[in-house]
Amino acid sequence: MDIRGGRAVHARGGQREHYAPVSVAAGERVDGDAIALARVYVDRLGVRELYVADLDAIDGGATSMNAGLLKQVAALGAPVWVDAGVTTPASANAVLEAGASVVIVGLETLPSLDELVAICQAIGGHRVAFSLDLRNDLPITLPGAEHSGWSAAAIARRAAEGGAGTIIVLDLAHVGSASGVDLELMTAMRRAVPQVALFAGGGVRSAEDVDVLARARCDGVLVATALLSGALRLT
């Protein structure tokens, strides 16, 4: 779930200025209502964990986090993974206080991988998922960051060494595209970080794509478009 201005929006290609409210989910009208969408995922589709990206916090800093909305989503009972522009232990704790079960630390907003280490030490690496944010296979980094210019594999290894219990490989160019999964990339990532949970995001079209990723030893996937359209069913 991508949230902007308190509304659920449909992510496509990482072009956030063009994201439109989710109108229909699995045949049910939600008209951008984030709680209604979360209920469709949990109650109708059987989703056992929710992923929420607070785009206002990602773009404007963790202090822009919509804590009230996150608490409402968490109250539905499913564990919630939250990306809210976390870059410090204090902001990670604020996300946990809003009801998150897992705090996502995104590469695109991270000034230093040392901050990731500090967050893992503060709240426990088992509650940290590092999002390896890519665009067309290239890491998205802040200008001047120490890890700017590193390969995706090198960044993933450093994140795992720093204590992150999960790594999400998320190619924003593929989000909402139904373009399929990058098996070669995910196989390389599994080799790079064999000791942590590995998730893939972007382009998942069907159960067949999920099966392909499972055979590549991925532990999970992030899915939105295929669930909204009904192309992927969990039961």
# chains A, B, ... in the order shown; residues from 1 in each chain; ligands from 1

$ select_by_dssp --residues "stretch 48-176 of chain A" --states "alpha helix (DSSP H)" --output "ChimeraX atom specification"
/A:55-60,67-74,89-97,113-123,152-161

$ write_last_selection --atoms "C-alpha atoms" --output "mmCIF file, in the first residue's frame"
data_model
loop_
_atom_site.group_PDB
_atom_site.id
_atom_site.type_symbol
_atom_site.label_atom_id
_atom_site.label_comp_id
_atom_site.auth_asym_id
_atom_site.auth_seq_id
_atom_site.Cartn_x
_atom_site.Cartn_y
_atom_site.Cartn_z
ATOM 1 C CA LEU A 55 5.182 8.650 0.523
ATOM 2 C CA ASP A 56 4.871 11.982 2.346
ATOM 3 C CA ALA A 57 7.387 10.784 4.935
ATOM 4 C CA ILE A 58 9.675 9.280 2.296
ATOM 5 C CA ASP A 59 9.730 12.548 0.353
ATOM 6 C CA GLY A 60 9.571 14.980 3.274
ATOM 7 C CA ALA A 67 1.042 8.061 12.489
ATOM 8 C CA GLY A 68 -2.714 8.166 12.978
ATOM 9 C CA LEU A 69 -3.389 6.360 9.724
ATOM 10 C CA LEU A 70 -0.679 3.798 10.401
ATOM 11 C CA LYS A 71 -2.236 3.024 13.783
ATOM 12 C CA GLN A 72 -5.603 2.431 12.098
ATOM 13 C CA VAL A 73 -4.033 0.038 9.605
ATOM 14 C CA ALA A 74 -2.196 -1.828 12.377
ATOM 15 C CA PRO A 89 16.996 5.201 15.638
ATOM 16 C CA ALA A 90 14.564 7.849 16.917
ATOM 17 C CA SER A 91 12.487 7.779 13.732
ATOM 18 C CA ALA A 92 12.587 3.970 13.721
ATOM 19 C CA ASN A 93 11.164 3.921 17.234
ATOM 20 C CA ALA A 94 8.444 6.368 16.193
ATOM 21 C CA VAL A 95 7.380 3.975 13.434
ATOM 22 C CA LEU A 96 7.242 1.099 15.918
ATOM 23 C CA GLU A 97 5.150 3.232 18.267
ATOM 24 C CA LEU A 113 24.918 2.808 5.822
ATOM 25 C CA ASP A 114 26.301 3.530 9.286
ATOM 26 C CA GLU A 115 22.842 4.868 10.130
ATOM 27 C CA LEU A 116 21.382 1.501 9.149
ATOM 28 C CA VAL A 117 23.756 -0.197 11.562
ATOM 29 C CA ALA A 118 22.715 2.196 14.347
ATOM 30 C CA ILE A 119 19.029 1.506 13.681
ATOM 31 C CA CYS A 120 19.588 -2.257 13.765
ATOM 32 C CA GLN A 121 21.452 -1.973 17.043
ATOM 33 C CA ALA A 122 18.748 0.233 18.562
ATOM 34 C CA ILE A 123 15.624 -1.784 17.699
ATOM 35 C CA ALA A 152 23.627 -3.387 -5.719
ATOM 36 C CA ALA A 153 25.333 -6.543 -4.463
ATOM 37 C CA ALA A 154 27.925 -4.573 -2.469
ATOM 38 C CA ILE A 155 25.213 -2.479 -0.816
ATOM 39 C CA ALA A 156 23.180 -5.584 -0.002
ATOM 40 C CA ARG A 157 26.183 -7.283 1.578
ATOM 41 C CA ARG A 158 26.940 -4.224 3.713
ATOM 42 C CA ALA A 159 23.316 -4.049 4.848
ATOM 43 C CA ALA A 160 23.360 -7.706 5.848
ATOM 44 C CA GLU A 161 26.672 -7.310 7.662
#

$ residues_around --residues "A:Cys218" --least-positions-apart "6" --cutoff "10 Å" --atoms "only C-alpha atoms" --output "list in words"
Ile168, Met186, Thr187, Met189, Arg190, Ala197, Leu198, Phe199, Ala200, Val210, Asp211 and Val212 of chain A

$ atom_distance --atom1 "atom CA of A:Ile3" --atom2 "atom CA of A:Val204"
20.0 Å

$ residues_around --residues "A:His18" --least-positions-apart "6" --cutoff "12 Å" --atoms "only C-alpha atoms" --output "list in words"
Arg4, Val9, His10, Ala11 and Arg12 of chain A

$ atom_distance --atom1 "atom CA of A:Tyr41" --atom2 "atom CA of A:Asn136"
28.3 Å

$ select_by_dssp --residues "stretch 39-175 of chain A" --states "strand (DSSP E)" --output "number ranges by chain"
A: 50-54, 80-83, 102-106, 128-135, 138-139, 166-171

$ write_last_selection --atoms "N, CA and C atoms" --output "compact mmCIF listing (two decimals), in the first residue's frame"
# COMPACT_ATOMS: atom_id res chain seq x y z
N LEU A 50 0.92 -6.71 5.76
CA LEU A 50 0.75 -5.52 4.93
C LEU A 50 2.05 -4.73 4.87
N TYR A 51 2.29 -4.14 3.72
CA TYR A 51 3.43 -3.24 3.51
C TYR A 51 2.86 -1.86 3.22
N VAL A 52 3.25 -0.87 4.00
CA VAL A 52 2.76 0.49 3.82
C VAL A 52 3.94 1.41 3.56
N ALA A 53 3.89 2.13 2.44
CA ALA A 53 4.89 3.16 2.14
C ALA A 53 4.21 4.52 2.30
N ASP A 54 4.64 5.26 3.30
CA ASP A 54 4.13 6.61 3.54
C ASP A 54 4.95 7.56 2.66
N VAL A 80 2.30 -5.16 10.12
CA VAL A 80 2.49 -4.11 9.12
C VAL A 80 3.97 -3.75 9.01
N TRP A 81 4.48 -3.80 7.79
CA TRP A 81 5.82 -3.32 7.49
C TRP A 81 5.67 -1.89 6.99
N VAL A 82 6.47 -0.98 7.53
CA VAL A 82 6.27 0.44 7.22
C VAL A 82 7.56 1.09 6.74
N ASP A 83 7.46 1.74 5.57
CA ASP A 83 8.53 2.61 5.06
C ASP A 83 8.05 4.04 5.23
N VAL A 102 7.57 -4.24 11.52
CA VAL A 102 8.88 -4.18 10.87
C VAL A 102 9.09 -2.77 10.33
N VAL A 103 10.26 -2.22 10.58
CA VAL A 103 10.62 -0.90 10.08
C VAL A 103 11.45 -1.07 8.82
N ILE A 104 11.03 -0.41 7.76
CA ILE A 104 11.77 -0.46 6.51
C ILE A 104 12.69 0.76 6.43
N VAL A 105 13.95 0.50 6.16
CA VAL A 105 14.93 1.57 5.95
C VAL A 105 15.28 1.57 4.47
N GLY A 106 14.91 2.63 3.77
CA GLY A 106 15.06 2.67 2.33
C GLY A 106 16.37 3.29 1.88
N VAL A 128 14.13 -4.95 11.31
CA VAL A 128 14.56 -4.02 10.27
C VAL A 128 14.61 -4.73 8.92
N ALA A 129 13.94 -4.13 7.93
CA ALA A 129 14.06 -4.58 6.55
C ALA A 129 14.72 -3.46 5.75
N PHE A 130 15.82 -3.77 5.13
CA PHE A 130 16.50 -2.78 4.29
C PHE A 130 15.96 -2.87 2.89
N SER A 131 15.45 -1.76 2.37
CA SER A 131 14.93 -1.73 1.01
C SER A 131 16.04 -1.27 0.06
N LEU A 132 16.50 -2.19 -0.75
CA LEU A 132 17.51 -1.89 -1.76
C LEU A 132 16.79 -1.28 -2.96
N ASP A 133 16.65 0.03 -2.93
CA ASP A 133 15.85 0.73 -3.94
C ASP A 133 16.66 0.90 -5.23
N LEU A 134 16.07 0.41 -6.32
CA LEU A 134 16.72 0.45 -7.62
C LEU A 134 15.83 1.14 -8.64
N ARG A 135 16.44 1.59 -9.71
CA ARG A 135 15.69 2.02 -10.89
C ARG A 135 16.41 1.44 -12.09
N LEU A 138 19.73 -0.13 -11.16
CA LEU A 138 20.77 0.73 -10.59
C LEU A 138 20.34 1.28 -9.24
N PRO A 139 21.21 1.22 -8.22
CA PRO A 139 20.84 1.72 -6.90
C PRO A 139 20.49 3.20 -6.92
N THR A 166 16.24 -8.53 7.01
CA THR A 166 15.58 -8.75 5.73
C THR A 166 16.08 -7.72 4.74
N ILE A 167 16.23 -8.14 3.51
CA ILE A 167 16.54 -7.22 2.41
C ILE A 167 15.46 -7.34 1.35
N ILE A 168 14.90 -6.18 0.99
CA ILE A 168 13.89 -6.11 -0.07
C ILE A 168 14.56 -5.51 -1.30
N VAL A 169 14.52 -6.22 -2.40
CA VAL A 169 15.05 -5.69 -3.66
C VAL A 169 13.86 -5.12 -4.43
N LEU A 170 13.81 -3.79 -4.50
CA LEU A 170 12.63 -3.10 -5.05
C LEU A 170 13.06 -2.21 -6.21
N ASP A 171 12.71 -2.62 -7.41
CA ASP A 171 13.02 -1.81 -8.59
C ASP A 171 11.81 -0.93 -8.90

$ residues_around --residues "A:Leu45" --least-positions-apart "6" --cutoff "8 Å" --atoms "only C-alpha atoms" --output "ChimeraX atom specification"
/A:26,227,233-235

$ residues_around --residues "A:Arg7" --least-positions-apart "5" --cutoff "6 Å" --atoms "only C-alpha atoms" --output "list in words"
Gly32, Asp33 and Ala34 of chain A

$ residues_around --residues "A:Val175" --least-positions-apart "4" --cutoff "6 Å" --atoms "only C-alpha atoms" --output "list in words"
Arg12, Gly13, Gly202 and Gly203 of chain A
